[in-house]
file run-v9.cif (mmCIF, C-alpha atoms)
data_my_file
loop_
_atom_site.label_atom_id
_atom_site.label_comp_id
_atom_site.auth_asym_id
_atom_site.auth_seq_id
_atom_site.Cartn_x
_atom_site.Cartn_y
_atom_site.Cartn_z
CA MET A 3 0.00 0.00 0.00
CA GLU A 4 2.87 2.36 0.79
CA LEU A 5 4.38 1.74 -2.65
CA ILE A 6 1.07 2.74 -4.23
CA PHE A 7 1.02 5.95 -2.18
CA LEU A 8 4.62 6.72 -3.16
CA THR A 9 3.84 6.04 -6.82
CA ILE A 10 0.87 8.43 -6.73
CA LEU A 11 3.03 11.05 -5.01
CA ALA A 12 5.72 10.59 -7.68
CA ILE A 13 3.16 11.01 -10.47
CA PHE A 14 1.87 14.24 -8.95
CA SER A 15 5.46 15.47 -8.54
CA ILE A 16 6.22 14.77 -12.20
CA VAL A 17 3.04 16.57 -13.29
CA PHE A 18 3.95 19.58 -11.14
CA PHE A 19 7.49 19.55 -12.50
CA GLN A 20 6.15 19.60 -16.06
CA GLU A 21 3.92 22.52 -15.08
CA THR A 22 6.93 24.50 -13.89
CA THR A 23 8.53 24.21 -17.32
CA THR A 24 5.72 26.33 -18.81
CA TYR A 25 6.86 29.52 -17.04
CA LYS A 26 8.23 32.09 -19.46
CA VAL A 27 11.76 33.31 -18.83
CA ALA A 28 13.40 36.28 -20.53
CA SER A 29 16.27 35.36 -22.85
CA PHE A 30 18.72 37.47 -20.83
CA ASP A 31 17.70 35.91 -17.49
CA THR A 32 20.41 33.54 -16.29
CA SER A 33 18.87 32.88 -12.87
CA GLY A 34 16.69 30.02 -14.07
CA GLY A 35 13.47 31.99 -13.73
CA PRO A 36 10.65 31.74 -11.23
CA ALA A 37 10.40 27.96 -11.51
CA ILE A 38 13.94 27.05 -10.50
CA PHE A 39 13.27 26.70 -6.76
CA PRO A 40 10.10 24.56 -7.18
CA GLN A 41 11.99 22.42 -9.69
CA TYR A 42 14.80 21.81 -7.19
CA ILE A 43 12.29 20.87 -4.49
CA LEU A 44 10.42 18.51 -6.83
CA ILE A 45 13.66 16.85 -7.94
CA LEU A 46 14.66 16.31 -4.29
CA LEU A 47 11.19 14.92 -3.60
CA LEU A 48 11.42 12.51 -6.53
CA ILE A 49 14.89 11.36 -5.44
CA SER A 50 13.60 10.79 -1.89
CA ILE A 51 10.61 8.83 -3.21
CA ALA A 52 12.89 6.67 -5.38
CA VAL A 53 15.24 5.94 -2.47
CA LEU A 54 12.36 5.05 -0.16
CA MET A 55 10.76 2.79 -2.78
CA ILE A 56 14.08 1.01 -3.41
CA GLN A 57 14.57 0.51 0.34
CA LYS A 58 11.07 -0.95 0.69
CA ILE A 59 11.58 -3.32 -2.25
CA VAL A 60 15.07 -4.46 -1.20
CA LYS A 61 13.98 -5.09 2.41
CA LYS A 62 10.74 -6.68 1.18
CA ASP A 63 8.92 -4.42 3.63
CA PHE A 64 5.39 -4.74 2.31
CA LYS A 65 3.52 -4.61 5.59
CA GLY A 66 0.38 -2.54 5.62
CA PHE A 67 0.66 1.20 5.31
CA VAL A 68 -2.23 2.73 7.20
CA PHE A 69 -2.76 6.15 5.68
CA ILE A 70 -5.13 7.26 8.44
CA GLU A 71 -2.31 6.92 11.01
CA LEU A 72 -0.77 10.09 9.54
CA PHE A 73 -3.75 12.10 10.75
CA LYS A 74 -4.15 10.84 14.31
CA GLY A 75 -3.16 12.69 17.45
CA ASP A 76 -1.06 15.84 17.38
CA ARG A 77 -0.31 15.51 13.66
CA GLY A 78 -4.02 15.51 12.89
CA ILE A 79 -4.66 18.58 15.02
CA GLY A 80 -1.67 20.32 13.40
CA LEU A 81 -2.95 19.44 9.94
CA ILE A 82 -6.45 20.71 10.74
CA ALA A 83 -4.95 23.92 12.12
CA LEU A 84 -2.82 24.33 8.98
CA VAL A 85 -5.82 23.80 6.68
CA ALA A 86 -7.85 26.32 8.73
CA TYR A 87 -4.94 28.80 8.56
CA LEU A 88 -4.63 28.48 4.80
CA SER A 89 -8.42 28.74 4.39
CA LEU A 90 -8.62 31.91 6.48
CA LEU A 91 -5.56 33.56 4.94
CA LYS A 92 -7.44 35.43 2.21
CA ILE A 93 -10.39 36.26 4.45
CA LEU A 94 -8.61 37.48 7.58
CA GLY A 95 -5.28 38.41 6.00
CA PHE A 96 -1.77 37.25 6.75
CA THR A 97 -1.24 38.94 10.11
CA LEU A 98 -4.48 38.00 11.84
CA SER A 99 -4.49 34.46 10.44
CA THR A 100 -0.87 33.95 11.49
CA VAL A 101 -1.52 35.25 15.01
CA LEU A 102 -4.52 32.92 15.42
CA PHE A 103 -2.65 29.94 13.96
CA LEU A 104 0.49 30.41 16.02
CA THR A 105 -1.41 31.16 19.22
CA PHE A 106 -3.54 28.04 18.86
CA LEU A 107 -0.71 25.75 17.80
CA VAL A 108 1.83 26.93 20.39
CA ASN A 109 -0.69 26.67 23.22
CA TYR A 110 -1.92 23.27 21.99
CA LEU A 111 1.60 21.88 21.78
CA TYR A 112 2.46 23.36 25.19
CA ARG A 113 -0.64 21.68 26.63
CA THR A 114 0.24 18.27 25.18
CA ASN A 115 3.77 18.44 26.61
CA HIS A 116 2.78 19.71 30.06
CA GLU A 117 0.21 17.21 31.31
CA LYS A 118 -2.87 18.83 29.74
CA SER A 119 -2.20 22.22 31.37
CA LEU A 120 -1.83 25.55 29.58
CA GLY A 121 0.13 26.97 32.47
CA SER A 122 -0.51 30.23 34.24
CA ALA A 123 -2.26 33.22 32.67
CA LYS A 124 1.13 34.92 32.53
CA HIS A 125 2.59 32.09 30.42
CA ILE A 126 -0.43 32.06 28.10
CA ALA A 127 -0.13 35.84 27.64
CA LEU A 128 3.60 35.52 27.01
CA ARG A 129 3.15 32.84 24.32
CA THR A 130 0.35 34.86 22.72
CA GLY A 131 2.50 37.99 22.82
CA PHE A 132 5.35 36.19 21.07
CA SER A 133 2.92 34.92 18.43
CA ILE A 134 1.71 38.47 17.79
CA LEU A 135 5.26 39.83 17.73
CA PHE A 136 6.43 37.10 15.36
CA ALA A 137 3.51 37.66 12.94
CA PHE A 138 4.15 41.42 12.79
CA LEU A 139 7.91 40.89 12.45
CA ILE A 140 7.44 38.52 9.51
CA GLN A 141 4.96 40.93 7.93
CA TYR A 142 7.43 43.81 8.32
CA ILE A 143 10.31 41.82 6.83
CA PHE A 144 8.33 40.62 3.82
CA VAL A 145 6.36 43.80 3.08
CA ASN A 146 8.83 46.56 3.96
CA LEU A 147 12.23 44.99 3.39
CA MET A 148 11.58 42.41 0.67
CA HIS A 149 8.60 44.18 -0.96
CA VAL A 150 6.50 41.01 -1.08
CA MET A 151 2.74 41.41 -1.02
CA LEU A 152 1.00 39.40 1.69
CA PRO A 153 -2.73 38.72 1.76
CA LYS A 154 -4.73 41.58 3.23
CA GLY A 155 -7.83 40.74 5.18
CA ILE A 156 -10.91 42.41 6.52
CA ILE A 157 -9.05 44.29 9.25
CA PHE A 158 -5.53 44.94 7.88
#
call {"tool": "encode", "arguments": {"input": "run-v9.cif", "output": "structure tokens"}}
result
Amino acid sequence: MELIFLTILAIFSIVFFQETTTYKVASFDTSGGPAIFPQYILILLLISIAVLMIQKIVKKDFKGFVFIELFKGDRGIGLIALVAYLSLLKILGFTLSTVLFLTFLVNYLYRTNHEKSLGSAKHIALRTGFSILFAFLIQYIFVNLMHVMLPKGIIF
């Protein structure tokens, strides 16, 4: 089952790689264009898939691959939080979505590592403050220093 999953992932990677070759690049551009970084990532992904598939075949490790196991526990909560974050990004904007995402995830992970306790109100406020500070710092770096547009939401 895992080999089937890896094969499907490899097919999607190849399709995405082919899509990156459609980006137009000026004749004088020697940087590789806007697709160079995604192409590197996809090549590394394909190499990793090939190595993992070879390892599975050589070791004859064909025991069941339970896909649902990837989504249980903390990983599942993290994935749900990530999907919610990405869904709210255009609606609430980068800053507010990032603050909500980081605040939830940091407090959730703190709770799971500290016997189901969020700690004192001071610690919660401190973690939330760092989440807010980090979101605004990232926004400042991208917007003001790197001149990258981030999604704007209903508030700012």
call {"tool": "resolve_selection", "arguments": {"input": "run-v9.cif", "expression": "the PyMOL selection byres ((chain A and resi 137-147) around 9)", "output": "PyMOL selection string"}}
result
chain A and resi 96-101+104+132-136+148-152
call {"tool": "atom_distance", "arguments": {"input": "run-v9.cif", "atom1": "atom CA of A:Gly75", "atom2": "atom CA of A:Phe7"}}
result
21.2 Å
call {"tool": "atom_distance", "arguments": {"input": "run-v9.cif", "atom1": "atom CA of A:Leu102", "atom2": "atom CA of A:Lys154"}}
result
15.0 Å
call {"tool": "closest_residue", "arguments": {"input": "run-v9.cif", "among": "A:Ile13, A:Pro153, A:Leu107, A:Gln20", "to": "A:Leu88", "atoms": "all atoms listed in the file"}}
result
A:Pro153
call {"tool": "resolve_selection", "arguments": {"input": "run-v9.cif", "expression": "the PyMOL selection byres ((chain A and resi 47-58) around 9)", "output": "number ranges by chain"}}
result
A: 4-5, 8-9, 11-12, 15-16, 42-46, 59-64
call {"tool": "axis_aligned_box", "arguments": {"input": "run-v9.cif", "around": "stretch 91-110 of chain A", "padding_each_side": "5 Å", "output": "lines of an AutoDock Vina configuration file"}}
result
center_x = -4.3
center_y = 31.1
center_z = 12.7
size_x = 22.2
size_y = 25.7
size_z = 31.0
call {"tool": "atom_distance", "arguments": {"input": "run-v9.cif", "atom1": "atom CA of A:Asn115", "atom2": "atom CA of A:Arg77"}}
result
13.9 Å
call {"tool": "closest_residue", "arguments": {"input": "run-v9.cif", "among": "A:Asp76, A:Glu71, A:Glu21, A:Asp31", "to": "A:Tyr112", "atoms": "all atoms listed in the file"}}
result
A:Asp76
call {"tool": "closest_residue", "arguments": {"input": "run-v9.cif", "among": "A:Thr130, A:Thr32, A:Thr24, A:Ser89", "to": "A:Tyr110", "atoms": "all atoms listed in the file"}}
result
A:Thr130
call {"tool": "decode", "arguments": {"input": "run-v9.cif", "residues": "stretch 79-90 of chain A", "atoms": "all heavy atoms", "output": "tab-separated table (two decimals), in the first residue's frame"}}
result
chain	number	residue	atom	x	y	z
A	79	ILE	N	-4.28	17.25	14.55
A	79	ILE	CA	-4.66	18.58	15.02
A	79	ILE	C	-3.83	19.64	14.29
A	79	ILE	O	-4.35	20.67	13.87
A	79	ILE	CB	-4.47	18.70	16.55
A	79	ILE	CG1	-5.37	17.72	17.29
A	79	ILE	CG2	-4.70	20.12	17.02
A	79	ILE	CD1	-6.85	17.96	17.12
A	80	GLY	N	-2.53	19.38	14.13
A	80	GLY	CA	-1.67	20.32	13.40
A	80	GLY	C	-2.10	20.48	11.96
A	80	GLY	O	-2.11	21.59	11.42
A	81	LEU	N	-2.49	19.38	11.33
A	81	LEU	CA	-2.95	19.44	9.94
A	81	LEU	C	-4.26	20.21	9.83
A	81	LEU	O	-4.43	21.03	8.92
A	81	LEU	CB	-3.10	18.03	9.37
A	81	LEU	CG	-3.50	17.96	7.90
A	81	LEU	CD1	-2.40	18.57	7.03
A	81	LEU	CD2	-3.74	16.53	7.49
A	82	ILE	N	-5.18	19.97	10.74
A	82	ILE	CA	-6.45	20.71	10.74
A	82	ILE	C	-6.19	22.20	10.96
A	82	ILE	O	-6.79	23.04	10.28
A	82	ILE	CB	-7.41	20.14	11.82
A	82	ILE	CG1	-7.88	18.75	11.41
A	82	ILE	CG2	-8.60	21.07	12.04
A	82	ILE	CD1	-8.60	17.99	12.51
A	83	ALA	N	-5.28	22.51	11.88
A	83	ALA	CA	-4.95	23.92	12.12
A	83	ALA	C	-4.32	24.55	10.88
A	83	ALA	O	-4.62	25.70	10.54
A	83	ALA	CB	-4.00	24.03	13.32
A	84	LEU	N	-3.45	23.82	10.19
A	84	LEU	CA	-2.82	24.33	8.98
A	84	LEU	C	-3.84	24.57	7.87
A	84	LEU	O	-3.81	25.60	7.20
A	84	LEU	CB	-1.73	23.37	8.49
A	84	LEU	CG	-0.97	23.79	7.24
A	84	LEU	CD1	-0.22	25.10	7.49
A	84	LEU	CD2	-0.01	22.70	6.81
A	85	VAL	N	-4.77	23.63	7.69
A	85	VAL	CA	-5.82	23.80	6.68
A	85	VAL	C	-6.70	25.00	7.03
A	85	VAL	O	-7.05	25.81	6.15
A	85	VAL	CB	-6.66	22.51	6.54
A	85	VAL	CG1	-7.92	22.73	5.72
A	85	VAL	CG2	-5.81	21.40	5.92
A	86	ALA	N	-7.05	25.16	8.30
A	86	ALA	CA	-7.85	26.32	8.73
A	86	ALA	C	-7.08	27.62	8.48
A	86	ALA	O	-7.65	28.61	7.99
A	86	ALA	CB	-8.21	26.19	10.21
A	87	TYR	N	-5.79	27.62	8.79
A	87	TYR	CA	-4.94	28.80	8.56
A	87	TYR	C	-4.92	29.19	7.09
A	87	TYR	O	-5.15	30.34	6.73
A	87	TYR	CB	-3.53	28.51	9.06
A	87	TYR	CG	-2.49	29.54	8.69
A	87	TYR	CD1	-2.54	30.82	9.21
A	87	TYR	CD2	-1.45	29.21	7.83
A	87	TYR	CE1	-1.58	31.77	8.87
A	87	TYR	CE2	-0.49	30.14	7.49
A	87	TYR	CZ	-0.56	31.42	8.01
A	87	TYR	OH	0.39	32.34	7.67
A	88	LEU	N	-4.68	28.21	6.24
A	88	LEU	CA	-4.63	28.48	4.80
A	88	LEU	C	-5.99	28.91	4.26
A	88	LEU	O	-6.07	29.75	3.36
A	88	LEU	CB	-4.11	27.26	4.05
A	88	LEU	CG	-2.66	26.88	4.35
A	88	LEU	CD1	-2.30	25.57	3.69
A	88	LEU	CD2	-1.70	27.98	3.96
A	89	SER	N	-7.06	28.37	4.83
A	89	SER	CA	-8.42	28.74	4.39
A	89	SER	C	-8.76	30.17	4.81
A	89	SER	O	-9.47	30.87	4.08
A	89	SER	CB	-9.45	27.78	4.98
A	89	SER	OG	-9.19	26.48	4.56
A	90	LEU	N	-8.29	30.58	5.97
A	90	LEU	CA	-8.62	31.91	6.48
A	90	LEU	C	-7.66	33.00	6.01
A	90	LEU	O	-7.90	34.17	6.23
A	90	LEU	CB	-8.63	31.88	8.01
A	90	LEU	CG	-9.74	31.05	8.64
A	90	LEU	CD1	-9.54	30.96	10.14
A	90	LEU	CD2	-11.09	31.63	8.30
